[in-house]
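Text of run.cif (mmCIF, C-alpha atoms) as supplied:
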```cif
data_coords
#
loop_
_atom_site.label_atom_id
_atom_site.label_comp_id
_atom_site.auth_asym_id
_atom_site.auth_seq_id
_atom_site.Cartn_x
_atom_site.Cartn_y
_atom_site.Cartn_z
CA MET F 1084 102.02 70.07 210.83
CA THR F 1085 105.06 72.24 211.55
CA VAL F 1086 105.74 74.94 208.93
CA THR F 1087 108.61 77.41 208.60
CA TYR F 1088 109.57 79.68 205.71
CA GLU F 1089 113.24 80.41 204.98
CA GLU F 1090 113.56 83.48 202.77
CA LYS F 1091 116.30 83.24 200.15
CA ASN F 1092 115.61 86.72 198.82
CA LYS F 1093 112.51 88.87 198.77
CA ASN F 1094 110.78 86.77 196.12
CA GLU F 1095 112.21 83.28 196.60
CA GLY F 1096 112.57 80.92 199.52
CA THR F 1097 112.25 77.44 201.00
CA LEU F 1098 109.09 76.23 202.69
CA HIS F 1099 109.83 73.54 205.30
CA PHE F 1100 106.86 71.44 206.44
CA THR F 1101 106.18 68.16 208.16
CA VAL F 1102 103.76 65.30 207.54
CA SER F 1103 102.59 63.15 210.44
CA GLN F 1104 103.61 59.51 210.58
CA GLU F 1105 99.92 58.54 210.38
CA LYS F 1106 99.46 60.38 207.05
CA ALA F 1107 102.81 59.11 205.77
CA GLN F 1108 101.83 55.51 206.53
CA LYS F 1109 98.50 55.98 204.76
CA ALA F 1110 100.29 57.34 201.68
CA LEU F 1111 102.78 54.45 201.76
CA LYS F 1112 99.90 51.94 201.78
CA GLN F 1113 98.33 53.75 198.81
CA ALA F 1114 101.67 53.69 197.00
CA TYR F 1115 101.99 49.96 197.72
CA LYS F 1116 98.55 49.26 196.21
CA ARG F 1117 99.63 51.11 193.06
CA VAL F 1118 102.87 49.16 192.54
CA LYS F 1119 102.15 45.70 193.95
CA ASN F 1120 100.74 44.28 190.73
CA SER F 1121 103.92 45.19 188.84
CA VAL F 1122 106.31 43.47 191.28
CA SER F 1123 107.47 39.94 190.45
CA VAL F 1124 108.99 37.94 193.31
CA PRO F 1125 109.65 34.17 193.26
CA GLY F 1126 107.19 32.38 195.53
CA PHE F 1127 104.50 35.06 195.30
CA ARG F 1128 101.82 35.60 192.71
CA LYS F 1129 101.67 39.17 191.37
CA GLY F 1130 99.67 41.40 193.67
CA LYS F 1131 99.48 38.81 196.47
CA MET F 1132 102.51 39.91 198.49
CA SER F 1133 101.56 41.64 201.75
CA TYR F 1134 102.65 45.18 202.56
CA ASN F 1135 104.85 44.04 205.44
CA VAL F 1136 106.64 41.46 203.28
CA PHE F 1137 107.17 44.07 200.55
CA VAL F 1138 108.74 46.50 203.05
CA LYS F 1139 110.92 43.75 204.49
CA MET F 1140 112.20 42.77 201.05
CA PHE F 1141 112.54 46.17 199.34
CA GLY F 1142 112.48 48.68 202.15
CA GLU F 1143 110.01 51.44 202.86
CA GLN F 1144 112.09 53.90 200.82
CA ALA F 1145 111.11 52.06 197.61
CA LEU F 1146 107.65 53.59 198.05
CA TYR F 1147 108.68 57.13 198.98
CA GLU F 1148 108.42 58.67 195.51
CA ASP F 1149 104.95 57.27 194.85
CA ALA F 1150 103.84 58.11 198.39
CA LEU F 1151 104.82 61.75 197.86
CA ASN F 1152 102.45 61.90 194.89
CA PHE F 1153 99.63 61.17 197.33
CA ILE F 1154 100.93 63.42 200.12
CA LEU F 1155 101.90 66.63 198.32
CA PRO F 1156 98.56 67.59 196.68
CA VAL F 1157 97.09 67.86 200.18
CA ALA F 1158 100.06 68.70 202.40
CA TYR F 1159 101.58 71.48 200.26
CA PRO F 1160 98.42 73.68 200.10
CA GLU F 1161 97.98 73.19 203.86
CA ALA F 1162 101.59 74.26 204.44
CA ILE F 1163 101.12 77.36 202.28
CA LYS F 1164 98.01 78.29 204.22
CA GLU F 1165 99.71 77.83 207.59
CA SER F 1166 102.75 79.84 206.47
CA ASN F 1167 100.55 82.90 205.81
CA ILE F 1168 102.09 83.22 202.33
CA ASP F 1169 99.70 84.95 199.92
CA GLU F 1170 98.75 82.07 197.61
CA SER F 1171 97.88 84.49 194.80
CA LYS F 1172 101.54 85.61 194.69
CA LEU F 1173 102.95 82.13 194.06
CA VAL F 1174 104.49 81.74 190.59
CA GLY F 1175 106.08 78.89 188.71
CA ARG F 1176 106.14 75.28 189.83
CA PRO F 1177 107.48 74.50 193.31
CA LYS F 1178 110.45 72.14 193.49
CA PHE F 1179 109.87 69.51 196.18
CA ASP F 1180 112.44 67.49 198.05
CA ILE F 1181 112.66 65.18 201.05
CA GLU F 1182 114.52 66.81 203.92
CA GLU F 1183 114.39 63.93 206.38
CA VAL F 1184 112.47 60.67 206.48
CA GLU F 1185 112.91 58.02 209.18
CA PRO F 1186 110.65 55.03 209.75
CA GLY F 1187 108.22 55.68 212.59
CA LYS F 1188 108.78 59.46 212.57
CA GLU F 1189 107.07 62.38 210.86
CA TRP F 1190 108.34 63.25 207.41
CA LYS F 1191 110.21 66.51 206.89
CA LEU F 1192 109.70 67.91 203.39
CA LEU F 1193 110.61 71.13 201.66
CA ALA F 1194 109.46 73.13 198.67
CA GLN F 1195 111.49 75.73 196.79
CA ILE F 1196 108.94 78.43 195.95
CA ALA F 1197 108.88 81.73 194.11
CA LEU F 1198 106.67 84.78 194.67
CA ARG F 1199 105.51 87.41 192.25
CA PRO F 1200 107.56 90.58 192.84
CA GLU F 1201 105.91 93.85 193.76
CA VAL F 1202 106.33 96.39 190.98
CA LYS F 1203 106.95 100.05 191.77
CA LEU F 1204 105.62 101.96 188.81
CA GLY F 1205 107.45 104.94 187.39
CA ASP F 1206 106.11 107.18 184.63
CA TYR F 1207 103.98 105.27 182.15
CA LYS F 1208 101.79 108.00 180.66
CA GLY F 1209 102.78 110.62 178.13
CA LEU F 1210 106.10 108.93 177.36
CA GLU F 1211 108.14 110.28 174.47
CA VAL F 1212 108.83 107.73 171.73
CA PRO F 1213 110.66 108.03 168.39
CA LYS F 1214 108.72 109.55 165.51
CA GLN F 1215 107.33 106.78 163.33
CA ASP F 1216 107.61 106.68 159.54
CA ARG F 1217 104.19 106.86 157.86
CA GLU F 1218 105.15 108.58 154.61
CA VAL F 1219 104.33 106.66 151.43
CA THR F 1220 106.74 107.48 148.62
CA ASP F 1221 106.19 107.25 144.87
CA GLU F 1222 109.12 104.83 144.77
CA GLU F 1223 107.32 102.40 147.10
CA VAL F 1224 104.18 102.54 144.94
CA ASN F 1225 106.26 102.04 141.79
CA ASP F 1226 107.98 99.04 143.39
CA ARG F 1227 104.56 97.44 143.96
CA ILE F 1228 103.54 98.16 140.37
CA GLU F 1229 106.80 96.71 139.03
CA ALA F 1230 106.42 93.60 141.19
CA ALA F 1231 102.90 93.08 139.79
CA GLN F 1232 104.27 93.66 136.29
CA ALA F 1233 106.99 91.03 136.85
CA ASN F 1234 104.39 88.53 138.08
CA LEU F 1235 102.51 88.88 134.79
CA ALA F 1236 105.68 88.58 132.68
CA GLU F 1237 105.90 85.70 130.23
CA LEU F 1238 109.00 83.89 128.99
CA SER F 1239 109.63 83.96 125.26
CA VAL F 1240 112.39 82.27 123.27
CA LYS F 1241 115.10 84.79 122.46
CA GLU F 1242 117.50 84.91 119.55
CA GLY F 1243 121.05 85.78 120.48
CA ALA F 1244 123.07 85.90 123.67
CA ALA F 1245 121.69 85.50 127.18
CA ALA F 1246 121.67 88.59 129.38
CA GLU F 1247 121.19 89.13 133.12
CA SER F 1248 117.61 88.18 134.14
CA ASP F 1249 117.17 85.97 131.05
CA THR F 1250 116.38 82.29 131.56
CA VAL F 1251 118.52 79.55 130.02
CA VAL F 1252 117.41 75.95 129.62
CA ILE F 1253 120.47 73.78 130.21
CA ASP F 1254 121.95 70.35 130.77
CA PHE F 1255 124.88 70.31 133.17
CA VAL F 1256 127.26 67.82 134.75
CA GLY F 1257 129.71 68.64 137.54
CA TYR F 1258 133.16 67.04 137.71
CA LYS F 1259 135.60 66.89 140.60
CA ASP F 1260 139.06 65.54 139.86
CA GLY F 1261 137.73 64.41 136.49
CA GLU F 1262 134.87 62.35 137.94
CA PRO F 1263 131.16 63.33 138.10
CA PHE F 1264 130.12 64.10 141.67
CA GLU F 1265 126.84 63.27 143.38
CA ASN F 1266 123.87 65.66 142.90
CA GLY F 1267 125.93 67.71 140.43
CA SER F 1268 123.91 67.17 137.25
CA GLY F 1269 120.59 68.13 135.69
CA GLU F 1270 118.73 68.03 132.38
CA ASN F 1271 116.50 70.67 130.78
CA PHE F 1272 116.90 72.81 133.85
CA SER F 1273 115.48 76.36 133.64
CA LEU F 1274 117.84 78.81 135.32
CA GLU F 1275 117.23 82.55 135.65
CA LEU F 1276 120.56 84.31 135.38
CA GLY F 1277 121.17 86.61 138.32
CA SER F 1278 118.71 84.78 140.59
CA GLY F 1279 121.49 83.40 142.81
CA SER F 1280 119.98 79.91 142.57
CA PHE F 1281 123.28 78.21 141.78
CA VAL F 1282 126.72 78.27 143.36
CA PRO F 1283 128.49 81.66 142.97
CA GLY F 1284 130.17 82.04 139.56
CA PHE F 1285 127.91 79.58 137.73
CA GLU F 1286 125.26 82.01 136.47
CA GLU F 1287 127.75 84.80 135.77
CA GLN F 1288 129.68 82.59 133.31
CA LEU F 1289 126.52 81.85 131.33
CA VAL F 1290 125.81 85.52 130.58
CA GLY F 1291 126.51 85.88 126.84
CA ALA F 1292 125.80 82.21 126.04
CA SER F 1293 123.55 81.37 123.09
CA GLU F 1294 121.37 78.45 122.06
CA GLY F 1295 123.50 75.41 121.17
CA ASP F 1296 126.57 76.58 123.09
CA GLU F 1297 128.61 74.08 125.06
CA LYS F 1298 130.59 75.67 127.85
CA THR F 1299 132.99 74.55 130.56
CA LEU F 1300 132.60 76.51 133.80
CA ASP F 1301 135.37 76.66 136.39
CA ILE F 1302 133.81 76.94 139.83
CA THR F 1303 135.18 76.98 143.38
CA PHE F 1304 132.63 76.12 146.04
CA PRO F 1305 132.42 78.42 149.09
CA GLU F 1306 134.27 77.33 152.21
CA ASP F 1307 130.97 77.14 154.14
CA TYR F 1308 129.14 75.08 151.50
CA GLN F 1309 126.72 72.62 153.11
CA ALA F 1310 128.22 69.53 151.37
CA GLU F 1311 131.50 69.07 153.24
CA ASP F 1312 133.14 67.08 150.42
CA LEU F 1313 132.67 70.07 148.06
CA ALA F 1314 133.30 72.97 150.46
CA GLY F 1315 136.22 75.04 149.18
CA GLN F 1316 136.82 72.61 146.28
CA ALA F 1317 137.54 73.56 142.63
CA VAL F 1318 135.27 71.77 140.13
CA GLU F 1319 134.24 71.90 136.47
CA PHE F 1320 130.74 72.05 135.06
CA LYS F 1321 130.07 70.93 131.49
CA VAL F 1322 127.01 72.90 130.32
CA THR F 1323 124.89 72.62 127.17
CA VAL F 1324 122.54 75.52 126.42
CA HIS F 1325 119.30 74.39 124.75
CA GLU F 1326 117.33 77.65 124.83
CA VAL F 1327 117.57 81.26 125.86
CA LYS F 1328 114.37 82.95 127.02
CA GLU F 1329 113.62 86.53 127.97
CA LYS F 1330 110.87 88.02 130.06
CA ILE F 1331 108.20 89.89 128.12
CA THR F 1332 106.49 92.22 130.56
CA PRO F 1333 103.07 93.77 129.89
CA ASP F 1334 102.76 97.48 129.20
CA LEU F 1335 101.80 99.65 132.16
CA ASP F 1336 98.33 100.69 131.04
CA ASP F 1337 94.72 100.36 132.10
CA GLU F 1338 94.44 96.82 130.69
CA PHE F 1339 97.42 95.77 132.82
CA ALA F 1340 95.73 97.29 135.89
CA LYS F 1341 92.52 95.32 135.24
CA ASP F 1342 94.53 92.11 134.82
CA VAL F 1343 96.22 92.71 138.17
CA ASP F 1344 93.07 93.69 140.11
CA GLU F 1345 89.56 93.16 138.83
CA ASP F 1346 88.24 95.82 141.21
CA VAL F 1347 90.02 98.66 139.39
CA GLU F 1348 89.48 100.13 135.93
CA THR F 1349 92.58 102.24 135.41
CA LEU F 1350 96.29 102.26 136.21
CA ASP F 1351 95.75 105.39 138.33
CA GLU F 1352 93.15 103.54 140.42
CA LEU F 1353 95.61 100.68 140.93
CA ARG F 1354 98.29 103.15 142.06
CA ASP F 1355 95.84 104.77 144.50
CA LYS F 1356 94.84 101.36 145.87
CA TYR F 1357 98.48 100.34 146.37
CA ARG F 1358 99.25 103.68 148.03
CA LYS F 1359 96.36 103.16 150.46
CA GLN F 1360 97.46 99.59 151.25
CA ILE F 1361 101.04 100.70 151.88
CA ALA F 1362 99.77 103.53 154.11
CA GLU F 1363 97.66 101.08 156.14
CA ARG F 1364 100.62 98.73 156.64
CA LYS F 1365 102.86 101.62 157.66
CA GLU F 1366 100.26 102.82 160.14
CA GLU F 1367 100.08 99.32 161.66
CA ALA F 1368 103.88 99.22 161.83
CA ALA F 1369 103.90 102.69 163.41
CA GLN F 1370 101.46 101.62 166.11
CA GLU F 1371 103.56 98.53 166.82
CA GLY F 1372 106.66 100.72 167.01
CA ILE F 1373 104.98 103.13 169.41
CA GLU F 1374 103.74 100.25 171.56
CA GLU F 1375 107.15 98.58 171.76
CA ALA F 1376 109.03 101.82 172.48
CA ALA F 1377 106.50 103.05 175.07
CA ILE F 1378 106.37 99.72 176.92
CA ARG F 1379 110.17 99.45 177.00
CA LYS F 1380 110.39 102.98 178.37
CA ALA F 1381 107.73 102.25 181.01
CA ILE F 1382 109.67 99.11 181.96
CA ASP F 1383 112.87 101.15 182.31
CA ASN F 1384 110.99 103.61 184.56
CA ALA F 1385 109.66 100.85 186.84
CA ASP F 1386 111.37 98.90 189.63
CA PHE F 1387 110.77 95.14 189.45
CA GLY F 1388 113.07 94.04 192.24
CA ASP F 1389 114.37 90.48 191.88
CA ILE F 1390 112.41 88.53 189.29
CA PRO F 1391 112.44 84.81 190.19
CA GLN F 1392 113.93 82.54 187.56
CA ALA F 1393 110.84 80.37 187.95
CA MET F 1394 108.76 83.13 186.34
CA VAL F 1395 111.13 83.35 183.38
CA ASP F 1396 111.18 79.56 182.97
CA GLU F 1397 107.39 79.43 183.13
CA GLU F 1398 107.14 82.10 180.40
CA ILE F 1399 109.55 80.19 178.16
CA ASP F 1400 107.56 76.97 178.64
CA ARG F 1401 104.32 78.82 177.88
CA GLN F 1402 105.72 80.20 174.63
CA VAL F 1403 107.02 76.78 173.56
CA GLU F 1404 103.65 75.12 174.25
CA HIS F 1405 101.78 77.89 172.41
CA TYR F 1406 104.08 77.55 169.39
CA LEU F 1407 103.75 73.77 169.24
CA ASN F 1408 99.96 74.00 169.66
CA GLU F 1409 99.83 76.39 166.69
CA MET F 1410 101.79 73.82 164.66
CA GLN F 1411 99.30 71.17 165.79
CA ARG F 1412 96.41 73.34 164.58
CA GLN F 1413 98.05 73.39 161.15
CA GLY F 1414 98.23 69.61 161.11
CA ILE F 1415 101.91 69.38 162.07
CA SER F 1416 102.56 67.17 165.08
CA GLU F 1417 105.34 67.92 167.54
CA GLU F 1418 107.36 64.92 166.34
CA MET F 1419 106.87 65.89 162.69
CA PHE F 1420 107.90 69.49 163.36
CA PHE F 1421 111.12 68.45 165.09
CA ASN F 1422 111.95 65.96 162.32
CA ILE F 1423 111.38 68.53 159.56
CA THR F 1424 113.29 71.37 161.22
CA GLY F 1425 115.94 69.36 163.03
CA SER F 1426 114.95 71.28 166.15
CA SER F 1427 114.01 70.08 169.63
CA ARG F 1428 112.28 71.34 172.76
CA GLU F 1429 115.65 72.40 174.15
CA LYS F 1430 116.43 74.46 171.03
CA LEU F 1431 112.96 76.02 171.08
CA ARG F 1432 113.45 76.96 174.71
CA GLU F 1433 116.75 78.63 173.80
CA GLU F 1434 115.03 80.64 171.06
CA PHE F 1435 112.19 81.79 173.31
CA SER F 1436 114.52 82.54 176.21
CA GLU F 1437 116.04 85.56 174.44
CA ASP F 1438 113.19 87.95 175.23
CA ALA F 1439 111.59 86.01 178.09
CA ASP F 1440 112.77 88.48 180.76
CA THR F 1441 111.22 91.40 178.84
CA ARG F 1442 107.96 89.52 178.33
CA VAL F 1443 107.76 88.78 182.07
CA LYS F 1444 108.43 92.43 182.92
CA THR F 1445 105.79 93.53 180.39
CA ASP F 1446 103.14 91.35 182.06
CA LEU F 1447 104.16 92.53 185.52
CA LEU F 1448 104.09 96.16 184.37
CA LEU F 1449 100.62 95.87 182.81
CA GLU F 1450 99.23 94.06 185.86
CA ALA F 1451 100.58 96.84 188.10
CA ILE F 1452 98.99 99.49 185.84
CA GLN F 1453 95.75 97.51 185.84
CA GLU F 1454 95.71 97.60 189.64
CA ALA F 1455 96.78 101.25 189.86
CA GLU F 1456 94.09 102.35 187.39
CA GLY F 1457 91.37 100.08 188.81
CA LEU F 1458 90.73 98.53 185.40
CA ASP F 1459 88.02 95.92 184.95
CA ALA F 1460 86.21 94.12 182.13
CA THR F 1461 82.45 94.21 181.56
CA ASP F 1462 80.32 91.17 180.72
CA GLU F 1463 79.77 92.64 177.25
CA GLU F 1464 83.52 92.91 176.68
CA VAL F 1465 83.98 89.29 177.78
CA GLN F 1466 81.30 88.10 175.33
CA ASN F 1467 82.85 90.13 172.51
CA GLU F 1468 86.24 88.59 173.30
CA ILE F 1469 84.70 85.09 173.12
CA LYS F 1470 83.18 85.92 169.70
CA ASP F 1471 86.53 87.24 168.43
CA LEU F 1472 88.37 84.12 169.62
CA ALA F 1473 85.71 81.86 168.09
CA GLN F 1474 86.11 83.60 164.76
CA ALA F 1475 89.92 83.56 164.90
CA TYR F 1476 90.11 79.84 165.71
CA ASP F 1477 87.07 78.74 163.68
CA MET F 1478 85.22 77.52 166.76
CA GLU F 1479 81.76 77.95 168.22
CA PRO F 1480 81.49 80.48 171.09
CA ASP F 1481 80.34 77.69 173.43
CA GLU F 1482 83.49 75.71 172.62
CA VAL F 1483 85.66 78.74 173.44
CA SER F 1484 83.92 79.13 176.80
CA LYS F 1485 84.87 75.56 177.68
CA VAL F 1486 88.54 76.18 176.94
CA VAL F 1487 89.08 79.59 178.54
CA THR F 1488 87.51 80.79 181.78
CA GLU F 1489 85.83 84.14 182.34
CA ASP F 1490 88.61 85.13 184.74
CA MET F 1491 91.24 84.45 182.06
CA LEU F 1492 89.35 86.57 179.55
CA LYS F 1493 88.87 89.42 182.02
CA HIS F 1494 92.57 89.32 182.81
CA ASP F 1495 93.49 89.57 179.13
CA ILE F 1496 91.00 92.37 178.47
CA THR F 1497 92.24 94.48 181.36
CA LEU F 1498 95.86 93.97 180.28
CA LYS F 1499 94.90 95.29 176.84
CA LYS F 1500 93.32 98.31 178.50
CA ALA F 1501 96.51 98.88 180.48
CA MET F 1502 98.50 98.62 177.25
CA ASP F 1503 96.22 101.21 175.63
CA ILE F 1504 96.84 103.64 178.51
CA VAL F 1505 100.59 103.44 177.88
CA THR F 1506 100.52 103.53 174.09
CA GLU F 1507 97.66 105.94 173.42
CA SER F 1508 99.17 108.54 175.75
CA ALA F 1509 102.65 108.20 174.20
CA VAL F 1510 103.98 111.23 172.35
CA GLU F 1511 106.02 110.88 169.17
CA SER F 1512 109.11 113.03 169.10
CA ASP F 1513 111.73 113.78 166.42
CA GLU F 1514 114.31 113.64 169.19
#
```

With the file now loaded, output its structure as structure tokens.
Amino acid sequence: MTVTYEEKNKNEGTLHFTVSQEKAQKALKQAYKRVKNSVSVPGFRKGKMSYNVFVKMFGEQALYEDALNFILPVAYPEAIKESNIDESKLVGRPKFDIEEVEPGKEWKLLAQIALRPEVKLGDYKGLEVPKQDREVTDEEVNDRIEAAQANLAELSVKEGAAAESDTVVIDFVGYKDGEPFENGSGENFSLELGSGSFVPGFEEQLVGASEGDEKTLDITFPEDYQAEDLAGQAVEFKVTVHEVKEKITPDLDDEFAKDVDEDVETLDELRDKYRKQIAERKEEAAQEGIEEAAIRKAIDNADFGDIPQAMVDEEIDRQVEHYLNEMQRQGISEEMFFNITGSSREKLREEFSEDADTRVKTDLLLEAIQEAEGLDATDEEVQNEIKDLAQAYDMEPDEVSKVVTEDMLKHDITLKKAMDIVTESAVESDE
């Protein structure tokens, strides 16, 4: 085997390698055995045509693609080894091609390969990040209380005119050019005024309506309305009001608090519980903010050289597969998901491509920190990680061990440790 490496840039290049005629002929015979039963030729029973007759009729090149599937799994690793390229630095999937193939001669093949770039770390400890908001205001607590109060509100028939936030029970029919239009009618429909459920202008014209009223509403649909035949069009709605209802909210007292949360006895206890929950969420958000800001700053301080596109593509594919697998876990197949959302793999790839470069740099950064700090994972940490994954995915620990290897778990654990070094040393600053 003859092997040469042509460097395109520091982290990408073309590996040229040859395969002997003997090995090529062996692969061609294997390829022939795979396809012979699917070839129909007058005068021959399926699978009974000899190799030489097949080559005479269809040419050796008809077997090249299948032959490569037998050659490459062996020849490519051998070529990598002979080239002295560090196999651990290979990233992405190589792109193979035939450089030159002539009957009776050795095959010349090539592989476009990418290598993991070497990261030069800058400062990653003690980085200044923006001060995070952890303050819990009385207004935020009151908003939670009012939301709980609204959830317990009951609708009661109201005498008199409808006001904003009241609910009207209506029949309606929409007319365009004097004719009812499709999907423009409803009966005994409950509509909360001010909810924005209907086309703009509809709810506003019903404020002040009373039970038994019959109203004609003049409406112009927005230019960007989803139904093209109605977009920007002026229509009429004939509306009959059957009932007007208002929300009756419970008083804010201890009984209300107990109805909202059976673990509290008083309204003050409910307020304290909400304040604590809000504080916990803000602390989580603060830690996420510190992590994101610190990692971005550490990335800016580092030198990544040229990141191969193959690494970015691989990250995008990984995110797409992870997302679709999560859908599968929820009982939604890939086909069902695409039908429901009108999406596709190509659209998903576009969505996940937005931050792919940053995600790749984050992984490279953390791996460089892991190496610089000499981080490792203990057997106990690996077992704890298996238990956590088993609990998260409702699996038995033994099942988790079959899916993920110990090396994968150690890699993830040490990356988390590297992340902790960056984030836990970060300093919040008002500046």

- If you apply the PyMOL selection byres ((chain F and resi 1144) around 12) to this file, what residues do you get, as a VMD selection string? chain F and resid 1107 to 1108 1111 1114 to 1115 1137 to 1143 1145 to 1151 1181 1183 to 1186

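Using only C-alpha atoms, the shortest contact distance between F:Gly1187 and any of F:Asn1152, F:Ser1171, F:Gln1104, F:Ser1133 is found at F:Gln1104.
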
I need the residue nearest F:Leu1193 from this list: F:Arg1176, F:Arg1364, F:Arg1442, F:His1099. Use all atoms listed in the file for the distance.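 Of all the options, F:His1099 lies closest to F:Leu1193.
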
*asked:* For this structure, which residues satisfy the selection - the PyMOL selection byres ((chain F and resi 1354) around 9) - when it is evaluated on the file as given? I want them as number ranges by chain.
replied: F: 1224-1225, 1227-1228, 1340, 1349-1353, 1355-1359

Stretch 1462-1467 of chain F, all listed atoms, 3 Å padding on each side: what axis-aligned box centre and edge lengths in Å to one decimal come out, as lines of an AutoDock Vina configuration file?
```
center_x = 81.9
center_y = 90.5
center_z = 176.6
size_x = 10.2
size_y = 10.8
size_z = 14.2
```

Find the spatial neighbours of F:His1494, counting all atoms listed in the file, within a cut-off of 9 Å - ignore same-chain residues fewer than 6 positions away - and output them as a count of residues only. 3

Of F:Ser1508, F:Asn1234, F:Glu1468, F:Leu1458, the one sitting nearest F:Pro1333 when using only C-alpha atoms is F:Asn1234

Explicit residues for the PyMOL selection byres ((chain F and resi 1512) around 9) (as an mmCIF file with C-alpha atoms, in the coordinates of the input):
```
data_model
loop_
_atom_site.group_PDB
_atom_site.id
_atom_site.type_symbol
_atom_site.label_atom_id
_atom_site.label_comp_id
_atom_site.auth_asym_id
_atom_site.auth_seq_id
_atom_site.Cartn_x
_atom_site.Cartn_y
_atom_site.Cartn_z
ATOM 1 C CA GLU F 1211 108.140 110.280 174.470
ATOM 2 C CA VAL F 1212 108.830 107.730 171.730
ATOM 3 C CA PRO F 1213 110.660 108.030 168.390
ATOM 4 C CA LYS F 1214 108.720 109.550 165.510
ATOM 5 C CA GLN F 1215 107.330 106.780 163.330
ATOM 6 C CA VAL F 1510 103.980 111.230 172.350
ATOM 7 C CA GLU F 1511 106.020 110.880 169.170
ATOM 8 C CA ASP F 1513 111.730 113.780 166.420
ATOM 9 C CA GLU F 1514 114.310 113.640 169.190
#
```

I'd like the neighbourhood of F:Asn1266 as JSON, numbers by chain, where a residue qualifies if any of its atoms comes within 10 Å (using only C-alpha atoms), though same-chain residues fewer than 3 positions away should be ignored. {"F": [1256, 1257, 1263, 1269]}

- Query: Between atom CA of F:Asp1440 and atom CA of F:Glu1418, what is the spacing in Å?
  - Reply: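 The value is 28.1 Å.
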
Worksheet item: Can you tell me how far atom CA of F:Asp1226 sits from atom CA of F:Gly1279, in Å to one decimal?
Response: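 Distance between the two atoms: 20.7 Å.
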
Please provide as a VMD selection string all residues within 12 Å of F:Glu1489, with the sequence filter that same-chain residues fewer than 6 positions apart are discarded (counting all atoms listed in the file). chain F and resid 1460 to 1469 1483 1495 to 1496

Of F:Leu1472, F:Val1290, F:Ala1194, F:Val1202, the one nearest to F:Val1443 when counting only C-alpha atoms is F:Val1202

Atom CA of F:Glu1105 to atom CA of F:Asn1135, straight-line distance in Å: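 Distance between the two atoms: 16.1 Å.
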
Exercise: F:Lys1380 partners within 10 Å, only C-alpha atoms, chain neighbours under 6 positions left out, as an NGL selection string: :F and (1205-1207 or 1210-1212 or 1374 or 1505)

Open item on the list: Can you tell me which residues surround stretch 1239-1244 of chain F at a distance of at most 8 Å, considering all atoms listed in the file, apart from same-chain residues fewer than 2 positions away, and format the answer as a ChimeraX atom specification?
Closed with: /F:1237,1246,1290-1294,1326-1331

Shortest contact to F:Ala1376, candidates F:Ala1501, F:Leu1431, F:Ala1509, F:Val1343, atoms counted all atoms listed in the file, goes to F:Ala1509

| Pick from F:Ser1166, F:Ser1436, F:Ser1268, F:Asn1422: nearest to F:Thr1097, with all atoms listed in the file counted? |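 The closest residue to F:Thr1097 is F:Ser1166.
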
Counting all atoms listed in the file, which residues sit no farther than 9 Å from the position (115.8, 72.6, 136.1) in the file's frame? I'd like them as a PDB file with C-alpha atoms, in the coordinates of the input.
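Printed below is part_0.pdb as written:
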```pdb
ATOM      1  CA  VAL F1252     117.410  75.950 129.620  1.00  0.00           C
ATOM      2  CA  ILE F1253     120.470  73.780 130.210  1.00  0.00           C
ATOM      3  CA  ASP F1254     121.950  70.350 130.770  1.00  0.00           C
ATOM      4  CA  GLY F1269     120.590  68.130 135.690  1.00  0.00           C
ATOM      5  CA  GLU F1270     118.730  68.030 132.380  1.00  0.00           C
ATOM      6  CA  ASN F1271     116.500  70.670 130.780  1.00  0.00           C
ATOM      7  CA  PHE F1272     116.900  72.810 133.850  1.00  0.00           C
ATOM      8  CA  SER F1273     115.480  76.360 133.640  1.00  0.00           C
ATOM      9  CA  LEU F1274     117.840  78.810 135.320  1.00  0.00           C
TER      10      LEU F1274
END
```

Copy stretch 1084-1089 of chain F out of the block into a file, keeping N, CA, C and O atoms, as a short mmCIF file (atom, residue, chain, number, x, y, z; two decimals), in the first residue's frame.
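The resulting file, selection.cif, is shown below:
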```cif
data_model
loop_
_atom_site.label_atom_id
_atom_site.label_comp_id
_atom_site.auth_asym_id
_atom_site.auth_seq_id
_atom_site.Cartn_x
_atom_site.Cartn_y
_atom_site.Cartn_z
N MET F 1084 0.85 -1.20 0.00
CA MET F 1084 0.00 0.00 0.00
C MET F 1084 0.88 1.25 0.00
O MET F 1084 1.80 1.38 0.80
N THR F 1085 0.57 2.16 -0.92
CA THR F 1085 1.26 3.46 -0.97
C THR F 1085 0.33 4.51 -0.37
O THR F 1085 -0.84 4.60 -0.76
N VAL F 1086 0.85 5.31 0.59
CA VAL F 1086 0.02 6.29 1.29
C VAL F 1086 0.71 7.64 1.28
O VAL F 1086 1.89 7.75 1.61
N THR F 1087 -0.03 8.69 0.91
CA THR F 1087 0.48 10.06 1.03
C THR F 1087 -0.63 10.93 1.60
O THR F 1087 -1.82 10.67 1.36
N TYR F 1088 -0.23 11.96 2.34
CA TYR F 1088 -1.22 12.87 2.93
C TYR F 1088 -0.98 14.27 2.38
O TYR F 1088 0.12 14.83 2.50
N GLU F 1089 -2.01 14.84 1.77
CA GLU F 1089 -1.95 16.19 1.19
C GLU F 1089 -2.72 17.13 2.11
O GLU F 1089 -3.95 17.05 2.20
#
```
